[in-house]
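Visitor: This is model-v9.txt (compact mmCIF, C-alpha atoms).
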```txt
# COMPACT_ATOMS: atom_id res chain seq x y z
CA MET Y 18 0.13 -9.54 -10.35
CA SER Y 19 -2.65 -9.88 -12.88
CA PHE Y 20 -5.27 -8.39 -10.56
CA LEU Y 21 -3.42 -5.07 -10.68
CA ARG Y 22 -3.83 -4.37 -14.40
CA ARG Y 23 -5.87 -1.50 -15.79
CA ARG Y 24 -9.55 -2.10 -16.44
CA SER Y 25 -10.68 -1.79 -20.03
CA ALA Y 26 -14.04 -0.10 -19.28
CA THR Y 27 -13.92 3.44 -17.90
CA PRO Y 28 -15.96 3.75 -14.69
CA ALA Y 29 -17.19 7.03 -13.22
CA GLY Y 30 -14.24 6.90 -10.81
CA PRO Y 31 -10.57 6.05 -11.44
CA ASP Y 32 -9.51 4.16 -14.55
CA PHE Y 33 -7.22 1.91 -12.52
CA ASP Y 34 -7.80 -0.68 -9.84
CA VAL Y 35 -7.43 0.68 -6.31
CA LEU Y 36 -5.35 -1.53 -4.05
CA ALA Y 37 -6.24 -1.16 -0.37
CA MET Y 38 -7.78 -2.98 2.60
CA ASP Y 39 -11.38 -4.06 2.25
CA PRO Y 40 -13.59 -1.79 4.40
CA GLY Y 41 -15.08 -4.93 5.97
CA ASP Y 42 -11.63 -5.85 7.32
CA TRP Y 43 -11.29 -2.55 9.21
CA PRO Y 44 -12.91 -1.94 12.61
CA GLY Y 45 -13.70 1.73 11.93
CA ASN Y 46 -14.90 4.12 9.26
CA LEU Y 47 -13.56 4.45 5.73
CA GLY Y 48 -13.46 7.64 3.68
CA ALA Y 49 -12.26 7.94 0.10
CA GLY Y 50 -11.02 10.92 -1.88
CA LEU Y 51 -10.39 11.29 -5.60
CA LEU Y 52 -7.80 13.66 -7.08
CA PRO Y 53 -9.37 15.03 -10.28
CA ALA Y 54 -7.41 16.52 -13.17
CA PRO Y 55 -8.78 19.52 -15.10
CA ASP Y 56 -9.86 17.16 -17.92
CA GLY Y 57 -11.94 15.09 -15.48
CA SER Y 58 -9.58 12.10 -15.35
CA CYS Y 59 -8.61 10.65 -12.01
CA GLN Y 60 -5.08 11.49 -10.87
CA GLY Y 61 -5.23 9.36 -7.75
CA VAL Y 62 -7.32 7.87 -4.98
CA PHE Y 63 -6.64 7.98 -1.28
CA LEU Y 64 -8.51 6.06 1.42
CA ARG Y 65 -8.65 7.22 5.01
CA TYR Y 66 -9.22 4.57 7.65
CA ASP Y 67 -10.53 6.04 10.93
CA LEU Y 68 -10.96 4.17 14.19
CA PHE Y 69 -14.20 3.99 16.12
CA GLY Y 70 -14.54 5.96 19.33
CA GLY Y 71 -13.46 9.26 17.85
CA ARG Y 72 -9.78 8.34 18.10
CA GLY Y 73 -9.10 9.84 14.69
CA PRO Y 74 -7.43 8.62 11.54
CA ALA Y 75 -5.10 5.68 11.87
CA MET Y 76 -4.06 5.10 8.27
CA ILE Y 77 -4.18 6.58 4.78
CA ILE Y 78 -3.53 4.46 1.69
CA GLY Y 79 -2.96 6.28 -1.59
CA ASN Y 80 -2.94 4.98 -5.15
CA LEU Y 81 -1.36 7.47 -7.58
CA PRO Y 82 -0.99 6.57 -11.27
CA GLU Y 83 1.99 7.48 -13.40
CA GLY Y 84 1.88 11.19 -14.28
CA SER Y 85 -0.10 12.23 -11.20
CA PRO Y 86 1.21 15.61 -9.96
CA ALA Y 87 0.78 14.38 -6.36
CA ARG Y 88 3.72 11.99 -7.01
CA ASP Y 89 6.10 14.88 -7.71
CA VAL Y 90 7.70 15.76 -4.40
CA ALA Y 91 11.10 17.34 -3.87
CA GLU Y 92 13.86 15.54 -2.02
CA GLY Y 93 13.12 15.50 1.71
CA GLU Y 94 9.45 16.42 1.25
CA ILE Y 95 6.74 14.14 2.60
CA PRO Y 96 4.43 12.15 0.32
CA PHE Y 97 0.91 13.42 -0.37
CA GLU Y 98 -0.59 10.75 1.91
CA VAL Y 99 1.51 11.82 4.89
CA ALA Y 100 0.38 15.42 4.33
CA GLN Y 101 -3.25 14.22 4.25
CA LEU Y 102 -2.73 12.27 7.47
CA LEU Y 103 -1.27 15.33 9.20
CA LEU Y 104 -4.16 17.45 7.91
CA ALA Y 105 -6.72 14.94 9.21
CA LEU Y 106 -4.98 14.93 12.59
CA GLU Y 107 -4.92 18.75 12.61
CA ASN Y 108 -1.18 18.50 13.16
CA ASP Y 109 0.59 21.48 11.60
CA GLU Y 110 4.16 20.70 12.63
CA GLU Y 111 6.73 20.54 9.85
CA VAL Y 112 7.63 16.96 8.94
CA THR Y 113 10.38 15.91 6.54
CA VAL Y 114 11.78 12.67 5.15
CA VAL Y 115 15.12 11.98 6.83
CA GLY Y 116 15.93 8.62 5.24
CA THR Y 117 14.71 5.68 3.15
CA GLU Y 118 15.34 1.95 3.08
CA ASP Y 119 14.33 -0.59 0.42
CA VAL Y 120 13.01 -3.87 1.84
CA PRO Y 121 11.85 -6.99 -0.07
CA VAL Y 122 8.38 -8.20 0.99
CA MET Y 123 6.31 -11.12 -0.29
CA GLN Y 124 2.66 -10.51 -1.15
CA GLY Y 125 1.31 -13.95 -1.97
CA ASP Y 126 3.56 -15.22 -4.77
CA ASN Y 127 4.75 -11.75 -5.69
CA LEU Y 128 7.86 -9.95 -4.49
CA LEU Y 129 7.43 -6.27 -3.68
CA ILE Y 130 10.31 -3.89 -3.15
CA VAL Y 131 8.92 -1.70 -0.38
CA ARG Y 132 10.52 1.66 0.35
CA ARG Y 133 10.29 2.51 4.05
CA LEU Y 134 10.45 6.22 4.70
CA LYS Y 135 11.92 7.47 7.95
CA LEU Y 136 10.27 10.74 8.92
CA SER Y 137 11.22 13.49 11.35
CA GLU Y 138 7.93 12.73 13.20
CA SER Y 139 8.58 9.26 14.63
CA ARG Y 140 4.87 8.56 15.30
CA ILE Y 141 4.25 8.34 11.54
CA SER Y 142 5.09 5.13 9.69
CA CYS Y 143 5.22 5.34 5.89
CA VAL Y 144 5.93 2.83 3.13
CA GLN Y 145 5.69 2.98 -0.67
CA PHE Y 146 5.79 0.47 -3.50
CA ASP Y 147 5.18 0.49 -7.25
CA ARG Y 148 2.58 -1.84 -8.69
CA SER Y 149 2.93 -3.69 -11.99
CA ASP Y 150 0.70 -1.07 -13.68
CA ASN Y 151 2.96 1.82 -12.51
CA VAL Y 152 0.56 2.98 -9.79
CA LEU Y 153 2.43 4.12 -6.68
CA VAL Y 154 0.90 2.85 -3.43
CA THR Y 155 1.73 4.80 -0.28
CA ILE Y 156 0.65 3.76 3.20
CA ALA Y 157 0.91 6.27 6.04
CA ALA Y 158 -0.06 5.25 9.58
CA TRP Y 159 -0.26 7.24 12.79
CA ASP Y 160 1.26 5.81 15.95
CA ARG Y 161 1.26 2.25 14.55
CA PRO Y 162 4.10 0.37 12.86
CA ILE Y 163 3.45 -0.99 9.36
CA THR Y 164 4.25 -4.70 9.49
CA ASP Y 165 4.58 -7.27 6.70
CA ASP Y 166 1.18 -8.70 7.74
CA LEU Y 167 -0.53 -5.61 6.29
CA TYR Y 168 0.50 -6.47 2.72
CA ALA Y 169 -1.52 -9.70 2.90
CA LEU Y 170 -4.66 -7.60 3.58
CA LEU Y 171 -4.23 -5.44 0.47
CA LYS Y 172 -6.51 -6.27 -2.44
CA PRO Y 173 -8.27 -4.47 -5.30
CA LEU Y 174 -11.47 -2.79 -4.13
CA PRO Y 175 -14.64 -3.05 -6.23
CA ALA Y 176 -15.06 -0.26 -8.79
CA GLU Y 177 -18.57 0.39 -7.41
CA LEU Y 178 -17.00 2.04 -4.35
CA PHE Y 179 -15.80 4.89 -6.56
CA GLN Y 180 -18.73 5.34 -8.94
CA GLN Y 181 -20.99 8.34 -8.73
CA GLY Y 182 -24.66 7.73 -8.45
```
If you convert what's in this file into structure tokens, what do you get?

Guide:
Amino acid sequence: MSFLRRRSATPAGPDFDVLAMDPGDWPGNLGAGLLPAPDGSCQGVFLRYDLFGGRGPAMIIGNLPEGSPARDVAEGEIPFEVAQLLLALENDEEVTVVGTEDVPVMQGDNLLIVRRLKLSESRISCVQFDRSDNVLVTIAAWDRPITDDLYALLKPLPAELFQQG
């Protein structure tokens, strides 16, 4: 997965490629958030895909590099991206992870081992996989199943999306 390696130049945003769906492939609005560390480095990026018509967020895709504190969750706790999805939906019910399953998925010529999380809130679908550069990708969707077709839409987004200016 050569397109997933770290960039050598340091942009104003994250120092790693962000794997997500191209905003042009989504029929709604896209919002992005950066998780800054005290030293100014980027500890993660999450993208929020909202649907048109005021129907609210449908999906959050997070990219968290190795060492990001947002990756450290206790057993049974939900990933950061699921918490962000619940926050965006203004849903304050307690949600926990009740099970996981590892599933092999092809992305082009590459085999991903995708971890499907089963949550206590059945309307949330959540999957995670590790990239070749040790960035953890988490996809959380509201009221929509995450199918294998989604992985074909994932690609590195241009660094310009995350630069200040």

Visitor: What does the distance between atom CA of Ile156 of chain Y and atom CA of Phe97 of chain Y come to in Å, to one decimal place?

Guide: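 Separation of atom CA of Ile156 of chain Y and atom CA of Phe97 of chain Y: 10.3 Å.
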
Visitor: Could you check how far atom CA of Asp34 of chain Y sits from atom CA of Cys143 of chain Y, in Å to one decimal?

Guide: 21.3 Å

Visitor: For segment 161-163 of chain Y, find every residue with an atom within 8 Å (counting all atoms listed in the file), except residues of its own chain fewer than 6 positions away, and show them as a CSV table (one decimal) with C-alpha atoms, in the coordinates of the input.

Guide:
```csv
chain,number,residue,atom,x,y,z
Y,75,ALA,CA,-5.1,5.7,11.9
Y,140,ARG,CA,4.9,8.6,15.3
Y,141,ILE,CA,4.2,8.3,11.5
Y,142,SER,CA,5.1,5.1,9.7
Y,143,CYS,CA,5.2,5.3,5.9
Y,144,VAL,CA,5.9,2.8,3.1
```

Visitor: Residues near Gln124 of chain Y, anyone? I mean within 7 Å using all atoms listed in the file, not counting same-chain ones fewer than 5 positions away, as an MDAnalysis selection string.

Guide: chainID Y and resid 129 168:169

Visitor: Report the distance between atom CA of Ser85 of chain Y and atom CA of Gly50 of chain Y in Å, rounded to one decimal place.

Guide: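 According to the coordinates, atom CA of Ser85 of chain Y and atom CA of Gly50 of chain Y are separated by 14.4 Å.
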
Visitor: Using only C-alpha atoms, find each residue of segment 50-139 of chain Y with at least one atom at most 12 Å away from an atom of segment 174-180 of chain Y; report its shortest atom-to-atom pair and that distance in Å (one decimal), sort the rows by chain and rising residue number, and return the result as CSV.

Guide:
```
residue,atom,partner,partner_atom,distance
Y:Gly50,CA,Y:Phe179,CA,9.0
Y:Leu51,CA,Y:Phe179,CA,8.4
Y:Leu52,CA,Y:Phe179,CA,11.9
Y:Cys59,CA,Y:Phe179,CA,10.7
Y:Gly61,CA,Y:Phe179,CA,11.5
Y:Val62,CA,Y:Phe179,CA,9.1
Y:Phe63,CA,Y:Phe179,CA,11.0
Y:Leu64,CA,Y:Leu174,CA,10.9
Y:Asn80,CA,Y:Leu174,CA,11.6
```

Visitor: Just the residues within 7 Å of Lys172 of chain Y, please, counting only C-alpha atoms, with nothing from its chain fewer than 3 positions along; format it as a list in words.

Guide: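 My reading of the contact set: Leu36, Ala37 and Met38 of chain Y.
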
Visitor: When distances are computed from all atoms listed in the file, which of Y:Asp147, Y:Glu110, Y:Asp42, Y:Asp119 shows the smallest separation from Tyr66 of chain Y?

Guide: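 Closest to Tyr66 of chain Y, using all atoms listed in the file: Y:Asp42.
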
Visitor: Which neighbours of Val152 of chain Y fall inside 8 Å, counting all atoms listed in the file, when residues of the same chain fewer than 3 positions from it are skipped, and could you give them as a PyMOL selection string?

Guide: chain Y and resi 80-83+147-149

Visitor: Using all atoms listed in the file, pick whichever of Y:Ile130, Y:Leu47, Y:Ala91, Y:Leu102 has the shortest atom-to-atom distance to Val114 of chain Y.

Guide: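 The shortest atom-to-atom distance to Val114 of chain Y comes from Y:Ala91.
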